[in-house]
Structure formats: C-alpha cells, structure tokens
Amino acid sequence: MPDEHAFFDTNPQSTILEDGESLIWYNWENGKHAVLGRDEIRPERDADGRLVRVEALNLSDDDLGYLRENSYILTEKRDLSYYRKALESYLKSLEDEAFMVFFPAGNRCNFRCRYCYENHDEGEMHSDDDTDLFAYFISRFEGKRLDLGFFGGEPLMRPQWIISLLSKIDRRIRSSATTNGYLLTPELFQRLLPLGLRTYQITLDGLPEDHDSMRILYNGKGTWQRIYDNIRSTKDVREFFTILIRVNFNERSLDMAKLARFFDLFSFARNDLRYRFCFRPIAPYSEINGMENSDSLACQCDEAAGMRLLSDFNRYAQESGFFLSDPGFYSERGGLVCYASKINTYVVNVRKEIQKCTVALDRGINRLSVLTKENIDSFTVRKASEDWDGKLDRLDPKCARCPLFFQCFGRNCALKNITTGQNVCPCIVGQEDEIVRMVIRNKEMLRRCAGPRDPA
C-alpha cells in the first residue's frame, strides 16, 4: 500500500466527478473509467477547477498499479512534444480514410426552413455525366476506408443520380445522406440499402406544431407528418441502418413537457441502436454566409438557455431508453475533429469546385480547386487539400492542459481555426462532468441493447 497521504500527478486528460459516496475517474485519453471511494483518494484541482493531482488516502497497491498502467496517474511529466507526437500519429491515421460530399441537387430544396443558411435560388445541380468523373475520383482511393456523403439542398430530390453513382463504384463503401426526410419513402429506403446508403440525418424539430412553424415546404405547407411516417416505416426493416434524428430547438419551441410528448411518439425507437437522437440549440448559422434575416433571428436560441436545455434533454432521452449520437463523438479519439480538418475530405459543389466545409459554401476561402480528370491525375486536388491542412498545423500549449485534447486535437472547427489564426475550442469545454455521465449511461445502454448491430 502506498504511503499515507502520498500525492500523485494526474493525467491532464482525465476528470474526476462526484457520484454520491463514490468518485468516477474518467480518462479521456483511452475512454476508460474507474470508480473509487471517497476514502481512497482525494482530488486536488487548480484555480480553473481542473484536476492536477490526487492524494492517496487508502489505496491498495493493485489499484495504484492499475491507475498507473492506464495513465490515470502519470509516471513522468509530459511536455508539449508528447502532444505533438500524439497529434502527428492521429494525422497519419487519417491517411487511411477518405470522405467525399456531393450535392446531387445542388442547393435546390423542397423546403424553406426559416433558419436555413443556404441560398436555394441557385438552379445548378450535378449533371448525369458527373457520376463518371466522381466514380473515377473515388477509384483513386483504393485501399482506404471510404465514406460518401450526399448533401444539399435536398439530395433526395435526385435519387436516380445517387443510385447511378453508387452503382458505378466497384467496391463496398459506406454512404450517408443529410436529408429532410420528406422524400425518403419506404420504397426508396429499401432501394438504397443494398447500395451502401445506410445512414441518414433527418431533422424533426420537436412536436408537429413547432416543427411545421420552422421547417416548411416550399409551398408553405407543413412537413412533420410525412417525415415521421417515413421514419416510422423503417422499424420493420431487419437490416442495420442508422437514422440520426436531429432536433433543433430554441427556448420557445421545446421544453421538458414537450420533449416527453415527442418521445411518446417515438416509442418504437426505444432501446433500438438504429435510431439515435441529437439536440442542437438553433445558432446563427445564417450569419456565416450572409443569409441572416428576421426569420432566422427569431428562431435563434439564447446561448445560456440552449446549453441548459441541451443537458436536460440529453439526460431525459437516455433515462427514457433512447440512444444519443453524441456519446460516440465524445468518447472516440478524434471524435470532435471537424471533417473539414481532415486531409482526405473533399466537398464537391455543383461547379465541381473542391471545398472543405459544408457550412461556408459561399465563402471564397472555402474554394480550393476544381475537380477535373487532369487535376486528379496531377494531384492538383490533393495538393489543394494539403495546403488547406497546412494552415491548421499548429498546437497551442493551452490544448495540452485541456481534458478534451484527444477528442479535439485543436481541430474542432477548421474554418474558424483558419480565419482566426487560433485553435478554437469546442463549445462543450467546461461541461466535462455532464459529458462523462452521458458517456457512461451510453455504455450501460449498449450492454442492454438487443437487435441488429452495425456489421462494420
């Protein structure tokens, strides 16, 4: 047993939170957690409330050995070079994967959402001939894990284009669509599954009356019921898929009473890993592309109220048996790294311009190259991505002291990092205790989960 009142330096990427008579020690670096008694250790924190060391009160040699072996307790000091090596290792791992985003219908959309940040007046869309060029581009990433994303506008306005592209790819890939779900009929869903399109993000902003006041069809009619019916129809499909139901909210559109009614409508999704929910306070998305107007301003959520409600909604969802999408990001190494911060991410707009960010679609800084066969073969497209990535090549010393370093690596938002010249922190910094509870609840839910699982 260690000497009474021995002190040990702790991993800066760890958090200790109180849980009744126990202390939960979560290691963000490896995703492990240990439960200790208050009579075993006493945590010490700095002026910012971050863990810096522990005092061993009644700790066995075995427990001490475990804490050392799993990097809760540091056996030697870490300097910035430790974190630089970890970042370099992570960036090298990204070479083995690629992510491409296409806009089948361009910016065209059958909705006119009040807080949308896109200009739907742009009439262009990917042509049918583009699928040959895109399939060729995809073929150049042989041997890498490849994910395709379909974005818009509304990508399912052109389902045949998506089917054509996926049919030309001669290897198994994973693909996803960010869609409003209005056109995702049971027939189309079943047609896309065998082609690898198994993941969808669909937005339902709360109860029908609130959703229909913000997410409106181009002709002014409501959209909630048809989207809900399309989601509900997938329940009897026996294969694995993922439908991420995003609920954007402000402090007027959703509260706990409304949330309970909302989840009553989704009782079919309880304890089913194929359905995952995420809640997002409506932020000033439109400001980024200069699309802000009175409607978008009216929909925005007060920042403080949004964070408070978000915590309440997440806890209620998990305690009611519904899976969230966020715990996977929070517990995964690099889970908070923006896709635009990754070397092999290519967003291809309707003019076949290579971009990185799907939010700042109309910003000049986000236009890097043009996708042509010549530019693919000459590695011009690859070089443009490397140049963008080079602008992110910094490591702020403050990151080494942040519990979330291994989730973020200082690359939470590529656009903000480049435009500000600084490593911009994730908005969840300071909420580590709440996130740990969410991650642990998710682990417990997964242990109890039955039904289809992701074969990958």
# chains A, B, ... in the order shown; residues from 1 in each chain; ligands from 1

call {"tool": "residues_around", "arguments": {"residues": "stretch 109-111 of chain A", "least_positions_apart": "5", "cutoff": "7 Å", "atoms": "only C-alpha atoms", "output": "number ranges by chain"}}
result
A: 120, 153-154, 215-218

call {"tool": "write_last_selection", "arguments": {"atoms": "all heavy atoms", "output": "PDB file, in the first residue's frame"}}
result
ATOM      1  N   HIS A 120     -31.322  28.881 -51.812  1.00  0.00           N
ATOM      2  CA  HIS A 120     -31.914  27.841 -52.649  1.00  0.00           C
ATOM      3  C   HIS A 120     -32.309  28.330 -54.038  1.00  0.00           C
ATOM      4  O   HIS A 120     -32.923  27.595 -54.809  1.00  0.00           O
ATOM      5  CB  HIS A 120     -33.137  27.236 -51.947  1.00  0.00           C
ATOM      6  CG  HIS A 120     -32.802  26.566 -50.653  1.00  0.00           C
ATOM      7  ND1 HIS A 120     -31.803  25.630 -50.545  1.00  0.00           N
ATOM      8  CD2 HIS A 120     -33.322  26.700 -49.407  1.00  0.00           C
ATOM      9  CE1 HIS A 120     -31.727  25.211 -49.289  1.00  0.00           C
ATOM     10  NE2 HIS A 120     -32.632  25.855 -48.588  1.00  0.00           N
ATOM     11  N   GLY A 153     -28.927  21.923 -50.015  1.00  0.00           N
ATOM     12  CA  GLY A 153     -30.164  21.500 -50.640  1.00  0.00           C
ATOM     13  C   GLY A 153     -30.681  20.172 -50.105  1.00  0.00           C
ATOM     14  O   GLY A 153     -30.340  19.701 -49.045  1.00  0.00           O
ATOM     15  N   GLU A 154     -31.533  19.587 -50.912  1.00  0.00           N
ATOM     16  CA  GLU A 154     -32.122  18.294 -50.570  1.00  0.00           C
ATOM     17  C   GLU A 154     -31.648  17.241 -51.565  1.00  0.00           C
ATOM     18  O   GLU A 154     -32.113  17.194 -52.712  1.00  0.00           O
ATOM     19  CB  GLU A 154     -33.652  18.392 -50.567  1.00  0.00           C
ATOM     20  CG  GLU A 154     -34.377  17.070 -50.369  1.00  0.00           C
ATOM     21  CD  GLU A 154     -33.784  16.240 -49.232  1.00  0.00           C
ATOM     22  OE1 GLU A 154     -33.639  16.778 -48.105  1.00  0.00           O
ATOM     23  OE2 GLU A 154     -33.455  15.054 -49.464  1.00  0.00           O
ATOM     24  N   ARG A 215     -39.918  24.400 -40.228  1.00  0.00           N
ATOM     25  CA  ARG A 215     -39.451  23.614 -41.375  1.00  0.00           C
ATOM     26  C   ARG A 215     -40.628  23.414 -42.328  1.00  0.00           C
ATOM     27  O   ARG A 215     -41.393  22.452 -42.221  1.00  0.00           O
ATOM     28  CB  ARG A 215     -38.855  22.278 -40.908  1.00  0.00           C
ATOM     29  CG  ARG A 215     -37.661  22.475 -39.997  1.00  0.00           C
ATOM     30  CD  ARG A 215     -36.987  21.180 -39.623  1.00  0.00           C
ATOM     31  NE  ARG A 215     -36.400  20.488 -40.749  1.00  0.00           N
ATOM     32  CZ  ARG A 215     -35.222  20.797 -41.311  1.00  0.00           C
ATOM     33  NH1 ARG A 215     -34.519  21.824 -40.850  1.00  0.00           N
ATOM     34  NH2 ARG A 215     -34.761  20.103 -42.338  1.00  0.00           N
ATOM     35  N   ILE A 216     -40.717  24.325 -43.281  1.00  0.00           N
ATOM     36  CA  ILE A 216     -41.913  24.488 -44.107  1.00  0.00           C
ATOM     37  C   ILE A 216     -41.629  24.032 -45.536  1.00  0.00           C
ATOM     38  O   ILE A 216     -40.544  24.266 -46.076  1.00  0.00           O
ATOM     39  CB  ILE A 216     -42.339  25.976 -44.117  1.00  0.00           C
ATOM     40  CG1 ILE A 216     -42.487  26.486 -42.679  1.00  0.00           C
ATOM     41  CG2 ILE A 216     -43.645  26.177 -44.873  1.00  0.00           C
ATOM     42  CD1 ILE A 216     -42.427  27.989 -42.565  1.00  0.00           C
ATOM     43  N   LEU A 217     -42.600  23.394 -46.162  1.00  0.00           N
ATOM     44  CA  LEU A 217     -42.495  23.019 -47.562  1.00  0.00           C
ATOM     45  C   LEU A 217     -42.443  24.290 -48.421  1.00  0.00           C
ATOM     46  O   LEU A 217     -42.901  25.360 -48.004  1.00  0.00           O
ATOM     47  CB  LEU A 217     -43.697  22.158 -47.942  1.00  0.00           C
ATOM     48  CG  LEU A 217     -43.535  21.184 -49.113  1.00  0.00           C
ATOM     49  CD1 LEU A 217     -42.447  20.164 -48.812  1.00  0.00           C
ATOM     50  CD2 LEU A 217     -44.859  20.486 -49.405  1.00  0.00           C
ATOM     51  N   TYR A 218     -41.885  24.171 -49.608  1.00  0.00           N
ATOM     52  CA  TYR A 218     -41.724  25.342 -50.484  1.00  0.00           C
ATOM     53  C   TYR A 218     -43.049  26.062 -50.747  1.00  0.00           C
ATOM     54  O   TYR A 218     -43.085  27.263 -51.008  1.00  0.00           O
ATOM     55  CB  TYR A 218     -41.092  24.921 -51.811  1.00  0.00           C
ATOM     56  CG  TYR A 218     -42.013  24.089 -52.681  1.00  0.00           C
ATOM     57  CD1 TYR A 218     -42.786  24.672 -53.676  1.00  0.00           C
ATOM     58  CD2 TYR A 218     -42.123  22.716 -52.489  1.00  0.00           C
ATOM     59  CE1 TYR A 218     -43.645  23.911 -54.446  1.00  0.00           C
ATOM     60  CE2 TYR A 218     -42.968  21.949 -53.248  1.00  0.00           C
ATOM     61  CZ  TYR A 218     -43.736  22.548 -54.238  1.00  0.00           C
ATOM     62  OH  TYR A 218     -44.591  21.791 -54.998  1.00  0.00           O
TER      63      TYR A 218
END

call {"tool": "closest_atom_pairs", "arguments": {"of": "stretch 89-186 of chain A", "to": "stretch 362-385 of chain A", "cutoff": "12 Å", "atoms": "only C-alpha atoms", "output": "Markdown table"}}
result
| residue | atom | partner | partner_atom | distance |
| --- | --- | --- | --- | --- |
| A:Glu95 | CA | A:Arg382 | CA | 11.7 |
| A:Ala98 | CA | A:Arg382 | CA | 11.6 |
| A:Phe102 | CA | A:Leu371 | CA | 11.8 |
| A:Asn107 | CA | A:Asp362 | CA | 11.1 |
| A:Tyr117 | CA | A:Asp362 | CA | 10.2 |
| A:Glu118 | CA | A:Asp362 | CA | 8.7 |
| A:Asn119 | CA | A:Asp362 | CA | 9.2 |
| A:Glu122 | CA | A:Asp362 | CA | 11.3 |
| A:Asp130 | CA | A:Thr372 | CA | 10.1 |
| A:Asp132 | CA | A:Lys373 | CA | 10.3 |
| A:Leu133 | CA | A:Lys373 | CA | 7.0 |
| A:Phe134 | CA | A:Leu371 | CA | 8.7 |
| A:Ala135 | CA | A:Lys373 | CA | 10.9 |
| A:Tyr136 | CA | A:Lys373 | CA | 8.0 |
| A:Phe137 | CA | A:Ile376 | CA | 6.9 |
| A:Ile138 | CA | A:Ile376 | CA | 10.3 |
| A:Ser139 | CA | A:Ile376 | CA | 10.8 |
| A:Arg140 | CA | A:Ile376 | CA | 8.5 |
| A:Phe141 | CA | A:Ile376 | CA | 11.1 |

call {"tool": "write_last_selection", "arguments": {"atoms": "N, CA and C atoms", "output": "short mmCIF file (atom, residue, chain, number, x, y, z; two decimals), in the first residue's frame"}}
result
data_model
loop_
_atom_site.label_atom_id
_atom_site.label_comp_id
_atom_site.auth_asym_id
_atom_site.auth_seq_id
_atom_site.Cartn_x
_atom_site.Cartn_y
_atom_site.Cartn_z
N GLU A 95 -4.70 9.28 -43.06
CA GLU A 95 -4.32 8.93 -44.43
C GLU A 95 -5.01 7.66 -44.89
N ALA A 98 -11.02 8.30 -46.26
CA ALA A 98 -11.40 9.42 -47.12
C ALA A 98 -12.89 9.67 -46.97
N PHE A 102 -21.08 15.10 -51.95
CA PHE A 102 -21.61 15.54 -53.24
C PHE A 102 -22.99 16.18 -53.05
N ASN A 107 -28.02 23.32 -54.54
CA ASN A 107 -28.67 23.97 -53.40
C ASN A 107 -30.19 23.91 -53.46
N TYR A 117 -29.27 28.41 -43.76
CA TYR A 117 -28.14 29.27 -44.10
C TYR A 117 -27.79 29.20 -45.58
N GLU A 118 -28.60 28.51 -46.39
CA GLU A 118 -28.29 28.35 -47.81
C GLU A 118 -29.22 29.18 -48.69
N ASN A 119 -28.71 29.49 -49.89
CA ASN A 119 -29.49 30.19 -50.91
C ASN A 119 -30.04 29.15 -51.88
N GLU A 122 -30.14 29.07 -56.27
CA GLU A 122 -29.13 28.58 -57.21
C GLU A 122 -29.68 27.37 -57.94
N ASP A 130 -21.60 13.79 -64.49
CA ASP A 130 -20.64 13.94 -63.38
C ASP A 130 -20.37 12.61 -62.68
N ASP A 132 -19.60 9.75 -63.77
CA ASP A 132 -18.41 9.06 -64.27
C ASP A 132 -17.14 9.68 -63.69
N LEU A 133 -17.07 11.01 -63.67
CA LEU A 133 -15.90 11.69 -63.11
C LEU A 133 -15.76 11.39 -61.63
N PHE A 134 -16.87 11.44 -60.90
CA PHE A 134 -16.82 11.21 -59.46
C PHE A 134 -16.43 9.76 -59.16
N ALA A 135 -16.95 8.82 -59.95
CA ALA A 135 -16.58 7.42 -59.75
C ALA A 135 -15.08 7.22 -60.01
N TYR A 136 -14.53 7.94 -60.98
CA TYR A 136 -13.10 7.87 -61.24
C TYR A 136 -12.31 8.42 -60.06
N PHE A 137 -12.75 9.55 -59.54
CA PHE A 137 -12.09 10.14 -58.37
C PHE A 137 -12.11 9.17 -57.20
N ILE A 138 -13.25 8.56 -56.96
CA ILE A 138 -13.39 7.59 -55.87
C ILE A 138 -12.44 6.41 -56.07
N SER A 139 -12.25 5.98 -57.32
CA SER A 139 -11.39 4.82 -57.59
C SER A 139 -9.93 5.08 -57.22
N ARG A 140 -9.55 6.36 -57.13
CA ARG A 140 -8.16 6.68 -56.80
C ARG A 140 -7.87 6.50 -55.31
N PHE A 141 -8.88 6.16 -54.53
CA PHE A 141 -8.70 5.96 -53.10
C PHE A 141 -8.80 4.48 -52.73
#

call {"tool": "atom_distance", "arguments": {"atom1": "atom CA of A:Leu259", "atom2": "atom CA of A:Asn293"}}
result
28.0 Å

call {"tool": "atom_distance", "arguments": {"atom1": "atom CA of A:Arg84", "atom2": "atom CA of A:Asp387"}}
result
19.6 Å

call {"tool": "atom_distance", "arguments": {"atom1": "atom CA of A:Leu197", "atom2": "atom CA of A:Ser176"}}
result
5.5 Å

call {"tool": "select_by_dssp", "arguments": {"residues": "stretch 147-340 of chain A", "states": "strand (DSSP E or B)", "output": "PyMOL selection string"}}
result
chain A and resi 147-150+174-179+197-203+217+242-249+275-281+323-324

call {"tool": "closest_residue", "arguments": {"among": "A:Arg172, A:Arg315, A:Arg112, A:Lys352", "to": "A:Cys278", "atoms": "only C-alpha atoms"}}
result
A:Arg315

call {"tool": "residues_around", "arguments": {"residues": "A:Met256", "least_positions_apart": "5", "cutoff": "12 Å", "atoms": "only C-alpha atoms", "output": "list in words"}}
result
Gly206, Leu207, Phe249, Glu251, Arg261, Phe262, Phe263, Arg308, Leu309, Leu310, Ser311, Asp312, Phe313, Asn314, Arg315, Tyr316 and Ala317 of chain A

call {"tool": "closest_atom_pairs", "arguments": {"of": "stretch 355-439 of chain A", "to": "stretch 61-83 of chain A", "cutoff": "10 Å", "atoms": "only C-alpha atoms", "output": "CSV"}}
result
residue,atom,partner,partner_atom,distance
A:Leu395,CA,A:Tyr83,CA,8.4
A:Asp396,CA,A:Leu80,CA,9.0
A:Pro397,CA,A:Leu80,CA,6.7
A:Lys398,CA,A:Leu80,CA,9.7
A:Cys399,CA,A:Tyr83,CA,8.7
A:Ala400,CA,A:Tyr83,CA,6.5
A:Arg401,CA,A:Leu80,CA,9.7
A:Phe405,CA,A:Tyr83,CA,8.5
A:Phe406,CA,A:Tyr83,CA,9.0
A:Phe409,CA,A:Tyr83,CA,8.7

call {"tool": "write_last_selection", "arguments": {"atoms": "C-alpha atoms", "output": "short mmCIF file (atom, residue, chain, number, x, y, z; two decimals), in the first residue's frame"}}
result
data_model
loop_
_atom_site.label_atom_id
_atom_site.label_comp_id
_atom_site.auth_asym_id
_atom_site.auth_seq_id
_atom_site.Cartn_x
_atom_site.Cartn_y
_atom_site.Cartn_z
CA LEU A 395 -0.56 23.22 -31.48
CA ASP A 396 -1.48 25.73 -28.83
CA PRO A 397 0.12 24.98 -25.43
CA LYS A 398 -3.29 25.51 -23.81
CA CYS A 399 -4.52 22.39 -25.66
CA ALA A 400 -2.09 20.21 -23.70
CA ARG A 401 -3.87 21.21 -20.49
CA PHE A 405 -7.26 17.19 -26.22
CA PHE A 406 -7.55 13.65 -27.62
CA PHE A 409 -6.58 17.81 -31.21
#
